[in-house]
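Pasting entry13.cif here (mmCIF, C-alpha atoms):
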```cif
data_data
loop_
_atom_site.label_atom_id
_atom_site.label_comp_id
_atom_site.auth_asym_id
_atom_site.auth_seq_id
_atom_site.Cartn_x
_atom_site.Cartn_y
_atom_site.Cartn_z
CA MET A 973 109.25 -161.72 92.46
CA SER A 974 108.00 -163.25 89.19
CA THR A 975 107.36 -161.24 86.03
CA GLU A 976 103.68 -162.09 86.26
CA ALA A 977 103.50 -160.70 89.79
CA LYS A 978 105.16 -157.46 88.71
CA LYS A 979 102.50 -156.89 86.06
CA GLN A 980 99.70 -157.26 88.56
CA ILE A 981 97.82 -153.95 88.98
CA ILE A 982 95.79 -153.05 92.04
CA ASP A 983 92.86 -150.90 90.94
CA VAL A 984 90.87 -149.64 93.91
CA GLY A 985 88.93 -146.38 93.89
CA ASP A 986 85.72 -144.65 94.83
CA GLY A 987 84.19 -144.99 91.39
CA ALA A 988 82.17 -147.85 89.98
CA ALA A 989 84.17 -150.87 88.81
CA ILE A 990 84.95 -150.58 85.12
CA PRO A 991 83.43 -153.51 83.18
CA ARG A 992 86.03 -155.00 80.86
CA LYS A 993 85.39 -157.90 78.52
CA SER A 994 88.53 -159.57 79.86
CA ASP A 995 86.82 -159.81 83.25
CA ARG A 996 83.76 -161.90 82.40
CA GLY A 997 82.45 -162.02 85.94
CA LEU A 998 82.44 -158.23 86.33
CA PHE A 999 81.11 -157.70 82.80
CA THR A 1000 78.20 -160.05 83.48
CA ALA A 1001 77.55 -158.41 86.85
CA TRP A 1002 77.47 -154.99 85.14
CA ARG A 1003 74.80 -156.15 82.69
CA ILE A 1004 72.69 -157.68 85.45
CA ALA A 1005 72.96 -154.56 87.63
CA PHE A 1006 72.37 -152.06 84.81
CA PHE A 1007 69.45 -153.71 83.09
CA GLY A 1008 68.11 -154.96 86.41
CA ALA A 1009 67.97 -151.38 87.73
CA ILE A 1010 66.19 -150.16 84.59
CA GLY A 1011 63.76 -153.07 84.75
CA THR A 1012 63.10 -152.49 88.45
CA ILE A 1013 62.21 -148.83 87.89
CA GLY A 1014 60.01 -149.79 84.95
CA TYR A 1015 58.19 -152.40 87.01
CA LEU A 1016 57.68 -150.05 89.96
CA VAL A 1017 56.27 -147.32 87.72
CA TRP A 1018 53.97 -149.81 85.97
CA SER A 1019 52.77 -151.59 89.10
CA LYS A 1020 52.40 -148.55 91.33
CA PRO A 1021 52.33 -145.24 89.43
CA ASP A 1022 51.57 -143.41 92.65
CA PRO A 1023 54.10 -142.63 94.02
CA TYR A 1024 56.81 -144.06 91.71
CA LEU A 1025 55.71 -142.32 88.51
CA ASN A 1026 55.26 -139.08 90.43
CA ILE A 1027 58.79 -139.38 91.79
CA ILE A 1028 60.20 -139.94 88.30
CA LYS A 1029 58.39 -136.81 87.10
CA PHE A 1030 59.66 -134.78 90.05
CA VAL A 1031 63.42 -135.38 89.80
CA PRO A 1032 64.56 -134.73 86.16
CA ASP A 1033 65.62 -131.15 86.88
CA GLY A 1034 67.66 -132.51 89.78
CA ILE A 1035 69.43 -134.89 87.39
CA ALA A 1036 70.26 -131.92 85.14
CA VAL A 1037 71.76 -130.03 88.10
CA THR A 1038 73.79 -133.11 89.09
CA PHE A 1039 75.29 -133.28 85.60
CA LYS A 1040 75.90 -129.52 85.58
CA VAL A 1041 77.83 -129.66 88.85
CA THR A 1042 79.73 -132.80 87.85
CA LEU A 1043 80.77 -131.57 84.40
CA GLY A 1044 81.71 -128.12 85.67
CA ALA A 1045 83.75 -129.59 88.52
CA ILE A 1046 85.54 -132.24 86.43
CA LEU A 1047 86.56 -129.74 83.72
CA LEU A 1048 87.93 -127.32 86.31
CA ALA A 1049 89.57 -130.19 88.20
CA ILE A 1050 91.37 -131.31 85.02
CA VAL A 1051 92.81 -127.82 84.56
CA ILE A 1052 93.87 -127.65 88.22
CA GLY A 1053 95.24 -131.19 87.98
CA LEU A 1054 97.31 -130.35 84.90
CA VAL A 1055 98.88 -127.34 86.60
CA THR A 1056 99.42 -129.31 89.81
CA GLY A 1057 100.87 -132.31 88.01
CA LEU A 1058 103.36 -130.12 86.12
CA GLY A 1059 104.23 -128.45 89.40
CA ARG A 1060 104.86 -131.80 91.08
CA ILE A 1061 107.47 -132.72 88.46
CA SER A 1062 108.92 -129.21 88.15
CA LYS A 1063 112.56 -128.63 89.06
CA ASN A 1064 111.58 -125.20 90.33
CA ARG A 1065 111.56 -125.67 94.10
CA PHE A 1066 108.92 -123.00 94.72
CA PHE A 1067 106.50 -124.31 92.08
CA ASN A 1068 107.07 -127.90 93.18
CA GLY A 1069 106.67 -126.99 96.85
CA VAL A 1070 103.40 -125.13 96.33
CA ALA A 1071 101.94 -127.95 94.22
CA SER A 1072 103.04 -130.60 96.74
CA LEU A 1073 101.65 -128.60 99.67
CA TYR A 1074 98.32 -128.18 97.87
CA VAL A 1075 98.07 -131.93 97.25
CA GLU A 1076 98.90 -132.83 100.84
CA ILE A 1077 96.50 -130.33 102.41
CA ILE A 1078 93.52 -130.91 100.13
CA ARG A 1079 93.78 -134.70 100.20
CA GLY A 1080 93.84 -134.56 103.99
CA ILE A 1081 90.52 -132.71 104.33
CA PRO A 1082 87.17 -134.44 103.66
CA LEU A 1083 85.24 -133.14 100.66
CA LEU A 1084 82.18 -132.31 102.77
CA VAL A 1085 84.30 -130.09 105.01
CA GLN A 1086 85.68 -128.31 101.94
CA ILE A 1087 82.15 -127.70 100.65
CA PHE A 1088 81.13 -126.25 104.01
CA TYR A 1089 84.27 -124.14 104.18
CA ILE A 1090 83.85 -122.55 100.76
CA TYR A 1091 80.11 -121.98 101.08
CA TYR A 1092 79.79 -121.01 104.74
CA ALA A 1093 83.24 -119.93 106.00
CA LEU A 1094 84.37 -118.04 102.91
CA GLY A 1095 80.77 -116.97 102.43
CA THR A 1096 81.16 -114.60 105.36
CA ILE A 1097 83.76 -112.73 103.29
CA VAL A 1098 82.58 -113.22 99.71
CA LYS A 1099 79.09 -114.51 99.02
CA VAL A 1100 79.25 -117.20 96.35
CA PRO A 1101 76.11 -118.87 94.91
CA ALA A 1102 75.54 -122.39 96.21
CA ILE A 1103 75.98 -124.16 92.88
CA LEU A 1104 79.21 -122.25 92.13
CA SER A 1105 80.51 -123.04 95.62
CA ALA A 1106 79.77 -126.71 95.00
CA ILE A 1107 81.62 -126.72 91.67
CA ILE A 1108 84.64 -124.91 93.13
CA ALA A 1109 84.83 -127.14 96.22
CA MET A 1110 84.63 -130.35 94.22
CA ALA A 1111 87.09 -129.08 91.60
CA VAL A 1112 89.61 -128.04 94.26
CA CYS A 1113 89.27 -131.43 95.98
CA TYR A 1114 89.50 -133.56 92.86
CA GLY A 1115 92.15 -131.29 91.34
CA ALA A 1116 94.57 -132.63 93.94
CA TYR A 1117 93.86 -136.21 92.87
CA MET A 1118 94.02 -135.23 89.20
CA GLY A 1119 97.40 -133.68 89.85
CA GLU A 1120 98.77 -137.01 91.01
CA VAL A 1121 97.21 -138.73 88.01
CA VAL A 1122 98.88 -136.24 85.64
CA ARG A 1123 102.21 -136.56 87.46
CA ALA A 1124 102.12 -140.35 87.25
CA GLY A 1125 101.10 -140.22 83.59
CA ILE A 1126 103.95 -137.90 82.63
CA GLU A 1127 106.51 -139.89 84.60
CA SER A 1128 105.35 -143.09 82.88
CA ILE A 1129 106.68 -141.81 79.53
CA ALA A 1130 110.16 -143.13 78.79
CA LYS A 1131 112.96 -140.62 79.37
CA GLY A 1132 114.25 -141.47 75.92
CA GLN A 1133 111.27 -139.65 74.42
CA ARG A 1134 112.33 -136.41 76.10
CA GLU A 1135 115.97 -136.89 75.18
CA ALA A 1136 115.08 -137.57 71.54
CA ALA A 1137 112.95 -134.42 71.34
CA LEU A 1138 115.70 -132.30 72.89
CA SER A 1139 118.22 -133.72 70.46
CA LEU A 1140 115.97 -132.57 67.60
CA GLY A 1141 116.23 -129.00 68.82
CA MET A 1142 113.04 -128.72 70.87
CA ASN A 1143 113.17 -126.84 74.15
CA GLY A 1144 111.64 -128.15 77.39
CA ARG A 1145 108.26 -126.48 76.81
CA GLN A 1146 107.94 -127.74 73.23
CA THR A 1147 108.94 -131.22 74.32
CA MET A 1148 106.27 -131.27 77.02
CA ILE A 1149 103.51 -129.93 74.75
CA HIS A 1150 104.26 -131.83 71.55
CA VAL A 1151 105.85 -135.07 72.76
CA ILE A 1152 105.21 -135.90 76.43
CA LEU A 1153 101.65 -134.73 77.06
CA PRO A 1154 100.08 -136.32 73.92
CA GLN A 1155 101.47 -139.69 75.00
CA ALA A 1156 100.57 -139.14 78.67
CA VAL A 1157 96.93 -138.47 77.74
CA LYS A 1158 96.52 -142.12 76.74
CA VAL A 1159 97.87 -143.19 80.12
CA ILE A 1160 95.82 -140.81 82.27
CA LEU A 1161 92.52 -141.16 80.41
CA PRO A 1162 91.30 -144.27 82.33
CA PRO A 1163 92.01 -142.88 85.82
CA VAL A 1164 90.45 -139.56 84.84
CA GLY A 1165 87.34 -141.51 83.88
CA ASN A 1166 87.37 -143.20 87.29
CA GLU A 1167 87.66 -139.82 89.00
CA PHE A 1168 84.70 -138.58 86.95
CA ILE A 1169 82.51 -141.41 88.21
CA ALA A 1170 83.66 -140.87 91.79
CA LEU A 1171 82.93 -137.16 91.46
CA LEU A 1172 79.49 -137.92 90.03
CA LYS A 1173 78.65 -139.95 93.12
CA ASP A 1174 80.17 -137.39 95.49
CA SER A 1175 78.06 -134.67 93.87
CA SER A 1176 75.24 -135.89 96.11
CA LEU A 1177 77.05 -134.10 98.96
CA VAL A 1178 76.20 -130.70 97.49
CA SER A 1179 72.57 -131.21 98.45
CA ILE A 1180 73.62 -130.26 101.97
CA ILE A 1181 74.08 -126.62 100.88
CA ALA A 1182 70.67 -126.45 99.18
CA VAL A 1183 71.84 -127.21 95.64
CA ALA A 1184 68.79 -128.73 93.95
CA ASP A 1185 70.54 -131.84 92.64
CA LEU A 1186 69.05 -135.31 92.29
CA LEU A 1187 69.34 -136.16 95.98
CA ARG A 1188 68.01 -132.78 97.10
CA ARG A 1189 64.95 -133.11 94.85
CA GLY A 1190 64.39 -136.58 96.27
CA ARG A 1191 64.56 -135.22 99.81
CA GLU A 1192 62.08 -132.50 98.93
CA TYR A 1193 59.61 -134.99 97.49
CA ALA A 1194 60.02 -137.38 100.42
CA SER A 1195 59.50 -134.63 103.00
CA GLU A 1196 56.29 -133.53 101.28
CA SER A 1197 54.80 -136.98 100.63
CA PHE A 1198 56.40 -138.96 103.50
CA THR A 1199 57.21 -141.73 101.01
CA TYR A 1200 60.80 -142.07 102.17
CA PHE A 1201 61.29 -145.71 101.23
CA GLU A 1202 59.85 -145.31 97.74
CA THR A 1203 61.65 -142.04 97.02
CA TYR A 1204 65.12 -143.11 98.11
CA THR A 1205 64.70 -146.44 96.33
CA VAL A 1206 64.15 -144.57 93.06
CA ILE A 1207 67.00 -142.13 93.77
CA ALA A 1208 69.39 -144.98 94.50
CA LEU A 1209 68.38 -146.80 91.30
CA ILE A 1210 68.83 -143.65 89.21
CA TYR A 1211 72.32 -143.06 90.62
CA LEU A 1212 73.13 -146.71 89.95
CA ILE A 1213 71.99 -146.49 86.33
CA ILE A 1214 73.94 -143.28 85.72
CA THR A 1215 77.19 -144.52 87.25
CA LEU A 1216 76.99 -147.89 85.52
CA PHE A 1217 76.26 -146.19 82.19
CA PHE A 1218 79.35 -144.01 82.44
CA SER A 1219 81.49 -146.86 83.73
CA LYS A 1220 80.62 -148.74 80.54
CA ILE A 1221 81.56 -145.74 78.37
CA ILE A 1222 84.89 -145.45 80.18
CA GLY A 1223 85.48 -149.18 79.72
CA VAL A 1224 84.96 -148.82 75.96
CA MET A 1225 87.30 -145.81 75.87
CA GLU A 1226 89.97 -147.78 77.74
CA GLU A 1227 89.74 -150.63 75.25
CA ARG A 1228 90.07 -148.27 72.28
CA VAL A 1229 93.03 -146.49 73.83
CA SER A 1230 94.79 -149.78 74.60
CA VAL A 1231 94.28 -150.90 70.99
CA ASN A 1232 95.74 -147.65 69.63
CA LYS A 1233 98.83 -147.74 71.88
#
```

Re-express the file's structure as structure tokens.
Amino acid sequence: MSTEAKKQIIDVGDGAAIPRKSDRGLFTAWRIAFFGAIGTIGYLVWSKPDPYLNIIKFVPDGIAVTFKVTLGAILLAIVIGLVTGLGRISKNRFFNGVASLYVEIIRGIPLLVQIFYIYYALGTIVKVPAILSAIIAMAVCYGAYMGEVVRAGIESIAKGQREAALSLGMNGRQTMIHVILPQAVKVILPPVGNEFIALLKDSSLVSIIAVADLLRRGREYASESFTYFETYTVIALIYLIITLFFSKIIGVMEERVSVNK
């Protein structure tokens, strides 16, 4: 296998494709899609205020709930992922076994089933508010994926870094906190950004348990006005704009991190 082939990276995920300046085709496509979506909404509102302007006025609180669920879930997922990732590389058989079992089980169950389980099944034992159930379910699901991201990031750091820190008198904990993790953050930042975008899109699933997110508000408007085509067109465009916006931010962050390496 050639050196060039070994450097080839396969980047496939549930999130939006990250626009990088090195990929001119994708970068151009991002600009067309992003500004095209904004322009389309603007044209629809201008040409036909009823119902498009009414829809735009109806859904902002749903957008706020979507961000609330997404941010809450991603922050909790990062914490879970950090603990899981450390467990996956731990030499302690119990800690490693529990972390590995968690990853295997959670990644084998669809997110929608996990949402139902926490809200409805566990709800028969402990009643948890819908929005909190949504955050917990999504955090538990994505925490498993984050754990693998953290594990891969830590293992990507050269063993010589650990050995050098130990030779300077640091113990294992100090080495991990002060040497390994700061370097691993630069490696795991891009995939964490991808998981954030994927989680943002998957947050639409929480509408099924009556969380008033963007999709739920759209469904409410459509059921009242019977303007299903118009409503879901606007909802789809809003999701597209949001995901493309964050994909661009993540692309910029990746470029800055790569420059600082």

>> Can you measure atom CA of A:Ile1169 to atom CA of A:Ser1219 for me? One decimal in Å is fine.
In response: 7.1 Å

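Those residues returned by the PyMOL selection byres ((chain A and resi 1009) around 8) for this file are Ala1005, Phe1006, Phe1007, Gly1008, Ile1010, Gly1011, Thr1012, Ile1013, Leu1209, Ile1210, Leu1212 and Ile1213 of chain A.
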
> So which residues get picked by the PyMOL selection byres ((chain A and resi 1079) around 10) here, written as a VMD selection string?
Replying inline: chain A and resid 1073 to 1078 1080 to 1083 1112 to 1117

Same residues, C-alpha atoms, saved as a short mmCIF file (atom, residue, chain, number, x, y, z; two decimals), keeping the file's coordinate frame:
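selection22.cif, freshly written:
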```
data_model
loop_
_atom_site.label_atom_id
_atom_site.label_comp_id
_atom_site.auth_asym_id
_atom_site.auth_seq_id
_atom_site.Cartn_x
_atom_site.Cartn_y
_atom_site.Cartn_z
CA LEU A 1073 101.65 -128.60 99.67
CA TYR A 1074 98.32 -128.18 97.87
CA VAL A 1075 98.07 -131.93 97.25
CA GLU A 1076 98.90 -132.83 100.84
CA ILE A 1077 96.50 -130.33 102.41
CA ILE A 1078 93.52 -130.91 100.13
CA GLY A 1080 93.84 -134.56 103.99
CA ILE A 1081 90.52 -132.71 104.33
CA PRO A 1082 87.17 -134.44 103.66
CA LEU A 1083 85.24 -133.14 100.66
CA VAL A 1112 89.61 -128.04 94.26
CA CYS A 1113 89.27 -131.43 95.98
CA TYR A 1114 89.50 -133.56 92.86
CA GLY A 1115 92.15 -131.29 91.34
CA ALA A 1116 94.57 -132.63 93.94
CA TYR A 1117 93.86 -136.21 92.87
#
```

Closest pair table for stretch 1033-1079 of chain A residues within 10 Å of stretch 1189-1196 of chain A, all atoms listed in the file, as CSV:
```
residue,atom,partner,partner_atom,distance
A:Asp1033,CA,A:Arg1189,CA,8.2
A:Gly1034,CA,A:Arg1189,CA,5.8
A:Ile1035,CA,A:Arg1189,CA,8.9
```

>> Between atom CA of A:Gly1014 and atom CA of A:Ile1207, what distance in Å does the model show, to one decimal?
In response: 13.6 Å

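Residue membership of the PyMOL selection byres ((chain A and resi 1151-1157) around 9) in the shown file amounts to Val1122, Ala1124, Gly1125, Ile1126, Glu1127, Ser1128, Ile1129, Gln1133, Arg1134, Ala1137, Gln1146, Thr1147, Met1148, Ile1149, His1150, Lys1158, Val1159, Ile1160 and Leu1161 of chain A.
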
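Atom CA of A:Ala1170 is found 21.8 Å from atom CA of A:Arg1228.
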
> So which one's closest to A:Val1085, A:Ala1106, A:Phe1067, A:Ile1214, A:Leu1138? Using only C-alpha atoms, please.
Replying inline: A:Ala1106

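Look at stretch 1039-1046 of chain A: the protein and nucleic acid residues within 8 Å of it, using only C-alpha atoms and passing over chain neighbours fewer than 4 places away, are Ile1035, Ile1050, Ile1103, Ala1106, Ile1107, Ile1108, Met1110, Ala1111, Tyr1114, Phe1168, Leu1171, Leu1172 and Ser1175 of chain A.
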
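Checking A:Ala1208, A:Val1098, A:Ala1130, A:Ile1087 one by one against A:Ile1180, counting all atoms listed in the file, you find the shortest gap at A:Ile1087.
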
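Counting only C-alpha atoms, the residue from A:Leu1187, A:Ile1090, A:Ala1071, A:Leu1177 that sits nearest to A:Ala1109 is A:Ile1090.
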
Excluding A:Glu1202 and its own-chain neighbours fewer than 4 positions away, which residues fall within 8 Å of it when counting all atoms listed in the file? Please give them as a PDB file with C-alpha atoms, in the coordinates of the input.
```
ATOM      1  CA  PRO A1023      54.100-142.630  94.020  1.00  0.00           C
ATOM      2  CA  TYR A1024      56.810-144.060  91.710  1.00  0.00           C
ATOM      3  CA  VAL A1206      64.150-144.570  93.060  1.00  0.00           C
TER       4      VAL A1206
END
```

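Residue nearest A:Ser1197, chosen from A:Ser1072, A:Val1100, A:Ile1221, A:Asn1026 and counting all atoms listed in the file: A:Asn1026.
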
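Checking A:Leu1048, A:Ile1181, A:Ile1061, A:Leu1140 one by one against A:Tyr1089, counting all atoms listed in the file, you find the shortest gap at A:Ile1181.
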